[in-house]
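Raw model_11.pdb, PDB, C-alpha atoms:
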```
MODEL        1
ATOM      1  CA  MET A   1      23.510 -12.075  -6.386  1.00  0.00           C
ATOM      2  CA  ILE A   2      21.732  -9.242  -4.663  1.00  0.00           C
ATOM      3  CA  ALA A   3      18.443  -7.968  -5.988  1.00  0.00           C
ATOM      4  CA  THR A   4      16.145  -5.298  -4.602  1.00  0.00           C
ATOM      5  CA  GLU A   5      12.413  -4.713  -4.722  1.00  0.00           C
ATOM      6  CA  PHE A   6      10.708  -1.358  -4.158  1.00  0.00           C
ATOM      7  CA  LEU A   7       9.255  -1.169  -0.629  1.00  0.00           C
ATOM      8  CA  LEU A   8       7.999   2.395  -0.142  1.00  0.00           C
ATOM      9  CA  ARG A   9       8.404   6.065  -0.902  1.00  0.00           C
ATOM     10  CA  ALA A  10       8.174   8.588   1.952  1.00  0.00           C
ATOM     11  CA  ARG A  11       8.065  12.333   2.328  1.00  0.00           C
ATOM     12  CA  VAL A  12       9.138  13.329   5.844  1.00  0.00           C
ATOM     13  CA  THR A  13       8.547  16.930   6.908  1.00  0.00           C
ATOM     14  CA  LEU A  14      11.207  18.599   9.049  1.00  0.00           C
ATOM     15  CA  GLU A  15      11.862  21.427  11.474  1.00  0.00           C
ATOM     16  CA  ALA A  16      14.788  23.765  10.925  1.00  0.00           C
ATOM     17  CA  PRO A  17      18.069  22.210  12.133  1.00  0.00           C
ATOM     18  CA  ARG A  18      19.112  22.902  15.728  1.00  0.00           C
ATOM     19  CA  GLU A  19      22.867  23.356  15.715  1.00  0.00           C
ATOM     20  CA  ILE A  20      24.520  21.959  18.832  1.00  0.00           C
ATOM     21  CA  GLY A  21      27.950  22.929  17.530  1.00  0.00           C
ATOM     22  CA  ALA A  22      31.386  21.367  17.283  1.00  0.00           C
ATOM     23  CA  THR A  23      31.778  18.275  19.444  1.00  0.00           C
ATOM     24  CA  PRO A  24      34.590  15.711  19.575  1.00  0.00           C
ATOM     25  CA  GLN A  25      32.610  13.633  17.021  1.00  0.00           C
ATOM     26  CA  GLY A  26      32.008  16.532  14.603  1.00  0.00           C
ATOM     27  CA  ARG A  27      29.396  19.261  14.184  1.00  0.00           C
ATOM     28  CA  ARG A  28      26.241  17.973  15.870  1.00  0.00           C
ATOM     29  CA  ARG A  29      22.796  19.014  14.642  1.00  0.00           C
ATOM     30  CA  ILE A  30      19.309  17.757  15.440  1.00  0.00           C
ATOM     31  CA  ILE A  31      16.480  18.030  12.937  1.00  0.00           C
ATOM     32  CA  GLY A  32      13.008  17.373  14.348  1.00  0.00           C
ATOM     33  CA  ILE A  33      10.469  15.389  12.336  1.00  0.00           C
ATOM     34  CA  THR A  34       7.015  16.987  12.150  1.00  0.00           C
ATOM     35  CA  GLY A  35       5.125  14.382  10.093  1.00  0.00           C
ATOM     36  CA  GLY A  36       4.760  13.138   6.564  1.00  0.00           C
ATOM     37  CA  SER A  37       3.412  10.235   4.577  1.00  0.00           C
ATOM     38  CA  PHE A  38       4.573   7.030   2.937  1.00  0.00           C
ATOM     39  CA  SER A  39       3.214   4.560   0.394  1.00  0.00           C
ATOM     40  CA  GLY A  40       4.241   1.332  -1.230  1.00  0.00           C
ATOM     41  CA  PRO A  41       2.740  -1.869  -2.597  1.00  0.00           C
ATOM     42  CA  ARG A  42       2.457  -3.555   0.841  1.00  0.00           C
ATOM     43  CA  LEU A  43       2.120  -0.669   3.286  1.00  0.00           C
ATOM     44  CA  SER A  44       1.145   2.982   3.394  1.00  0.00           C
ATOM     45  CA  GLY A  45       0.228   5.579   5.964  1.00  0.00           C
ATOM     46  CA  LYS A  46       1.685   8.547   7.805  1.00  0.00           C
ATOM     47  CA  VAL A  47       4.919   9.521   9.500  1.00  0.00           C
ATOM     48  CA  LEU A  48       4.184  10.576  13.071  1.00  0.00           C
ATOM     49  CA  ALA A  49       5.582  13.781  14.540  1.00  0.00           C
ATOM     50  CA  GLY A  50       8.118  13.456  17.320  1.00  0.00           C
ATOM     51  CA  GLY A  51      11.117  11.758  15.761  1.00  0.00           C
ATOM     52  CA  ALA A  52      14.352  13.413  14.720  1.00  0.00           C
ATOM     53  CA  ASP A  53      17.550  13.051  12.744  1.00  0.00           C
ATOM     54  CA  TRP A  54      20.577  13.256  15.038  1.00  0.00           C
ATOM     55  CA  GLN A  55      23.240  14.248  12.503  1.00  0.00           C
ATOM     56  CA  ILE A  56      26.976  14.613  12.783  1.00  0.00           C
ATOM     57  CA  VAL A  57      28.791  16.535  10.069  1.00  0.00           C
ATOM     58  CA  ARG A  58      32.348  15.260  10.023  1.00  0.00           C
ATOM     59  CA  ALA A  59      35.471  17.323   9.348  1.00  0.00           C
ATOM     60  CA  ASP A  60      35.559  15.933   5.786  1.00  0.00           C
ATOM     61  CA  GLY A  61      32.058  17.337   5.125  1.00  0.00           C
ATOM     62  CA  VAL A  62      30.257  13.982   5.205  1.00  0.00           C
ATOM     63  CA  ALA A  63      26.972  14.081   7.117  1.00  0.00           C
ATOM     64  CA  PHE A  64      26.262  10.933   9.143  1.00  0.00           C
ATOM     65  CA  LEU A  65      22.476  10.596   9.311  1.00  0.00           C
ATOM     66  CA  ASP A  66      20.760   8.859  12.233  1.00  0.00           C
ATOM     67  CA  ALA A  67      17.003   9.365  11.963  1.00  0.00           C
ATOM     68  CA  ARG A  68      14.521   7.688  14.307  1.00  0.00           C
ATOM     69  CA  TYR A  69      10.783   7.980  13.884  1.00  0.00           C
ATOM     70  CA  THR A  70       7.472   6.107  13.847  1.00  0.00           C
ATOM     71  CA  LEU A  71       5.289   5.102  10.929  1.00  0.00           C
ATOM     72  CA  GLU A  72       1.565   4.518  11.374  1.00  0.00           C
ATOM     73  CA  THR A  73       0.092   2.357   8.623  1.00  0.00           C
ATOM     74  CA  ALA A  74      -3.323   3.030   7.115  1.00  0.00           C
ATOM     75  CA  ASP A  75      -4.613  -0.019   9.017  1.00  0.00           C
ATOM     76  CA  GLY A  76      -3.312   1.194  12.389  1.00  0.00           C
ATOM     77  CA  ALA A  77       0.016  -0.614  12.865  1.00  0.00           C
ATOM     78  CA  LEU A  78       2.934   1.257  14.455  1.00  0.00           C
ATOM     79  CA  ILE A  79       6.403   0.687  13.019  1.00  0.00           C
ATOM     80  CA  TYR A  80       9.580   2.103  14.546  1.00  0.00           C
ATOM     81  CA  VAL A  81      12.244   3.110  12.013  1.00  0.00           C
ATOM     82  CA  GLN A  82      15.916   3.796  12.554  1.00  0.00           C
ATOM     83  CA  ASN A  83      17.415   5.042   9.308  1.00  0.00           C
ATOM     84  CA  ARG A  84      21.190   5.568   9.228  1.00  0.00           C
ATOM     85  CA  GLY A  85      23.428   6.581   6.357  1.00  0.00           C
ATOM     86  CA  TYR A  86      25.562   9.226   4.683  1.00  0.00           C
ATOM     87  CA  ARG A  87      25.052  12.376   2.651  1.00  0.00           C
ATOM     88  CA  HIS A  88      27.932  14.081   0.882  1.00  0.00           C
ATOM     89  CA  GLY A  89      28.812  15.829  -2.327  1.00  0.00           C
ATOM     90  CA  PRO A  90      30.695  18.753  -3.823  1.00  0.00           C
ATOM     91  CA  GLY A  91      30.907  21.727  -1.461  1.00  0.00           C
ATOM     92  CA  GLU A  92      28.830  24.046  -3.639  1.00  0.00           C
ATOM     93  CA  VAL A  93      26.042  21.433  -3.904  1.00  0.00           C
ATOM     94  CA  ILE A  94      25.915  20.907  -0.130  1.00  0.00           C
ATOM     95  CA  GLU A  95      25.860  24.707   0.371  1.00  0.00           C
ATOM     96  CA  ARG A  96      22.850  24.956  -1.966  1.00  0.00           C
ATOM     97  CA  LEU A  97      21.069  22.243   0.043  1.00  0.00           C
ATOM     98  CA  ALA A  98      21.839  24.145   3.271  1.00  0.00           C
ATOM     99  CA  ARG A  99      20.222  27.276   1.779  1.00  0.00           C
ATOM    100  CA  GLY A 100      17.057  25.264   1.015  1.00  0.00           C
ATOM    101  CA  GLU A 101      17.499  25.356  -2.751  1.00  0.00           C
ATOM    102  CA  TYR A 102      16.207  22.567  -4.961  1.00  0.00           C
ATOM    103  CA  VAL A 103      19.136  20.344  -5.935  1.00  0.00           C
ATOM    104  CA  ASP A 104      18.942  17.350  -8.262  1.00  0.00           C
ATOM    105  CA  PRO A 105      19.693  14.329  -6.012  1.00  0.00           C
ATOM    106  CA  ALA A 106      21.958  12.935  -8.758  1.00  0.00           C
ATOM    107  CA  LEU A 107      24.447  15.684  -7.808  1.00  0.00           C
ATOM    108  CA  TYR A 108      25.101  14.299  -4.316  1.00  0.00           C
ATOM    109  CA  TYR A 109      25.231  10.970  -2.489  1.00  0.00           C
ATOM    110  CA  MET A 110      22.502  10.141   0.039  1.00  0.00           C
ATOM    111  CA  ARG A 111      22.207   6.455   0.894  1.00  0.00           C
ATOM    112  CA  THR A 112      20.784   4.834   4.008  1.00  0.00           C
ATOM    113  CA  THR A 113      20.047   1.524   5.690  1.00  0.00           C
ATOM    114  CA  PRO A 114      16.591   1.659   7.287  1.00  0.00           C
ATOM    115  CA  TRP A 115      15.840  -0.810  10.076  1.00  0.00           C
ATOM    116  CA  PHE A 116      12.245  -1.575  11.080  1.00  0.00           C
ATOM    117  CA  GLU A 117      10.736  -2.846  14.324  1.00  0.00           C
ATOM    118  CA  THR A 118       7.085  -3.652  14.981  1.00  0.00           C
ATOM    119  CA  ALA A 119       4.952  -5.781  17.293  1.00  0.00           C
ATOM    120  CA  ASP A 120       2.119  -5.985  14.743  1.00  0.00           C
ATOM    121  CA  ALA A 121       1.897  -9.516  13.293  1.00  0.00           C
ATOM    122  CA  ARG A 122       0.708  -8.178   9.915  1.00  0.00           C
ATOM    123  CA  TYR A 123       4.080  -6.475   9.410  1.00  0.00           C
ATOM    124  CA  ASP A 124       6.306  -8.938  11.278  1.00  0.00           C
ATOM    125  CA  TRP A 125       8.199  -9.581   8.022  1.00  0.00           C
ATOM    126  CA  LEU A 126       9.757  -6.104   8.416  1.00  0.00           C
ATOM    127  CA  ASN A 127      11.490  -7.265  11.625  1.00  0.00           C
ATOM    128  CA  ARG A 128      13.719  -9.561   9.550  1.00  0.00           C
ATOM    129  CA  THR A 129      14.116  -7.638   6.295  1.00  0.00           C
ATOM    130  CA  VAL A 130      17.273  -5.838   5.188  1.00  0.00           C
ATOM    131  CA  CYS A 131      16.588  -2.641   3.258  1.00  0.00           C
ATOM    132  CA  VAL A 132      18.552   0.103   1.554  1.00  0.00           C
ATOM    133  CA  GLY A 133      17.417   3.615   0.811  1.00  0.00           C
ATOM    134  CA  THR A 134      18.056   6.660  -1.301  1.00  0.00           C
ATOM    135  CA  GLY A 135      17.192  10.186  -0.333  1.00  0.00           C
ATOM    136  CA  ALA A 136      16.739  13.731  -1.513  1.00  0.00           C
ATOM    137  CA  ARG A 137      16.898  16.721   0.850  1.00  0.00           C
ATOM    138  CA  ARG A 138      14.359  19.457   0.252  1.00  0.00           C
ATOM    139  CA  ALA A 139      13.929  22.822   2.014  1.00  0.00           C
ATOM    140  CA  ALA A 140      11.616  21.511   4.761  1.00  0.00           C
ATOM    141  CA  ALA A 141      11.437  17.795   4.005  1.00  0.00           C
ATOM    142  CA  VAL A 142      13.342  14.734   2.950  1.00  0.00           C
ATOM    143  CA  GLU A 143      12.126  12.385   0.221  1.00  0.00           C
ATOM    144  CA  LEU A 144      13.101   8.750   0.700  1.00  0.00           C
ATOM    145  CA  GLU A 145      12.794   5.555  -1.304  1.00  0.00           C
ATOM    146  CA  PHE A 146      13.353   2.241   0.462  1.00  0.00           C
ATOM    147  CA  TYR A 147      14.116  -1.052  -1.265  1.00  0.00           C
ATOM    148  CA  GLU A 148      13.922  -4.538   0.223  1.00  0.00           C
ATOM    149  CA  VAL A 149      17.048  -6.609  -0.397  1.00  0.00           C
ATOM    150  CA  LYS A 150      15.942  -9.986  -1.721  1.00  0.00           C
TER     151      LYS A 150
ENDMDL
END
```
Before we go any further, please render this structure as structure tokens.
Amino acid sequence: MIATEFLLRARVTLEAPREIGATPQGRRRIIGITGGSFSGPRLSGKVLAGGADWQIVRADGVAFLDARYTLETADGALIYVQNRGYRHGPGEVIERLARGEYVDPALYYMRTTPWFETADARYDWLNRTVCVGTGARRAAAVELEFYEVK
């Protein structure tokens, strides 16, 4: 049996996408991370500027997400995050997202597997925890919820 427990909710603010263009892998785009915040029962704090999501949009319309960024907890710990996953849905829904419109996240699929790395002993448990995430794309941000797999 697999069970999950809520870990944190984050709002990550974003730059406009930089379109690299069509590559052998698909359409490459890079979306810079400008900041944000996160909170949960065992950790909270801010998302530091300087990360990015290195996306590939495949020929079938599926976006492969590969975001890397740093969290700083309220008590000063630094936690590296690599969050990979997929976003896809009906063409008209994805077009609305691309225009920056509000779209109910139930209308598209956005699931990720965040991986954490820290040297801070207070959060060492994150170094060996499997998590899953859900997401919602907003005009200039992404809203994430991460769950620890028990």
Review point. What lies within 10 Å of range 58-72 of chain A using only C-alpha atoms, ignoring chain neighbours under 4 positions off, as a PyMOL selection string?
Key: chain A and resi 12+22-38+43-54+76-91+94+109-118
Review point. What does the PyMOL selection byres ((chain A and resi 139) around 12) select in this file, as number ranges by chain?
Key: A: 12-17, 96-103, 136-138, 140-143
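Rounded to one decimal, CA of Ser39 in chain A and CA of Ala10 in chain A lie 6.6 Å from each other.
Pairwise distance (CA of Asp120 in chain A, CA of Thr134 in chain A) equals 25.9 Å.
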Check your understanding: Do you have the CA of Val132 in chain A-CA of Glu148 in chain A distance handy?
Key -> 6.7 Å
If the box runs along x, y and z of the file and leaves 5 Å on each side of range 112-119 of chain A, what are its centre and edge lengths in Å, one decimal, as JSON?
```
{"center_x": 12.9, "center_y": -0.5, "center_z": 10.7, "size_x": 25.8, "size_y": 20.6, "size_z": 23.3}
```
Revision key, fill the gap. Closest of A:Ala106, A:Val57, A:Ala121, A:Ala74 to Glu19 in chain A, counting all atoms listed in the file, is A:Val57
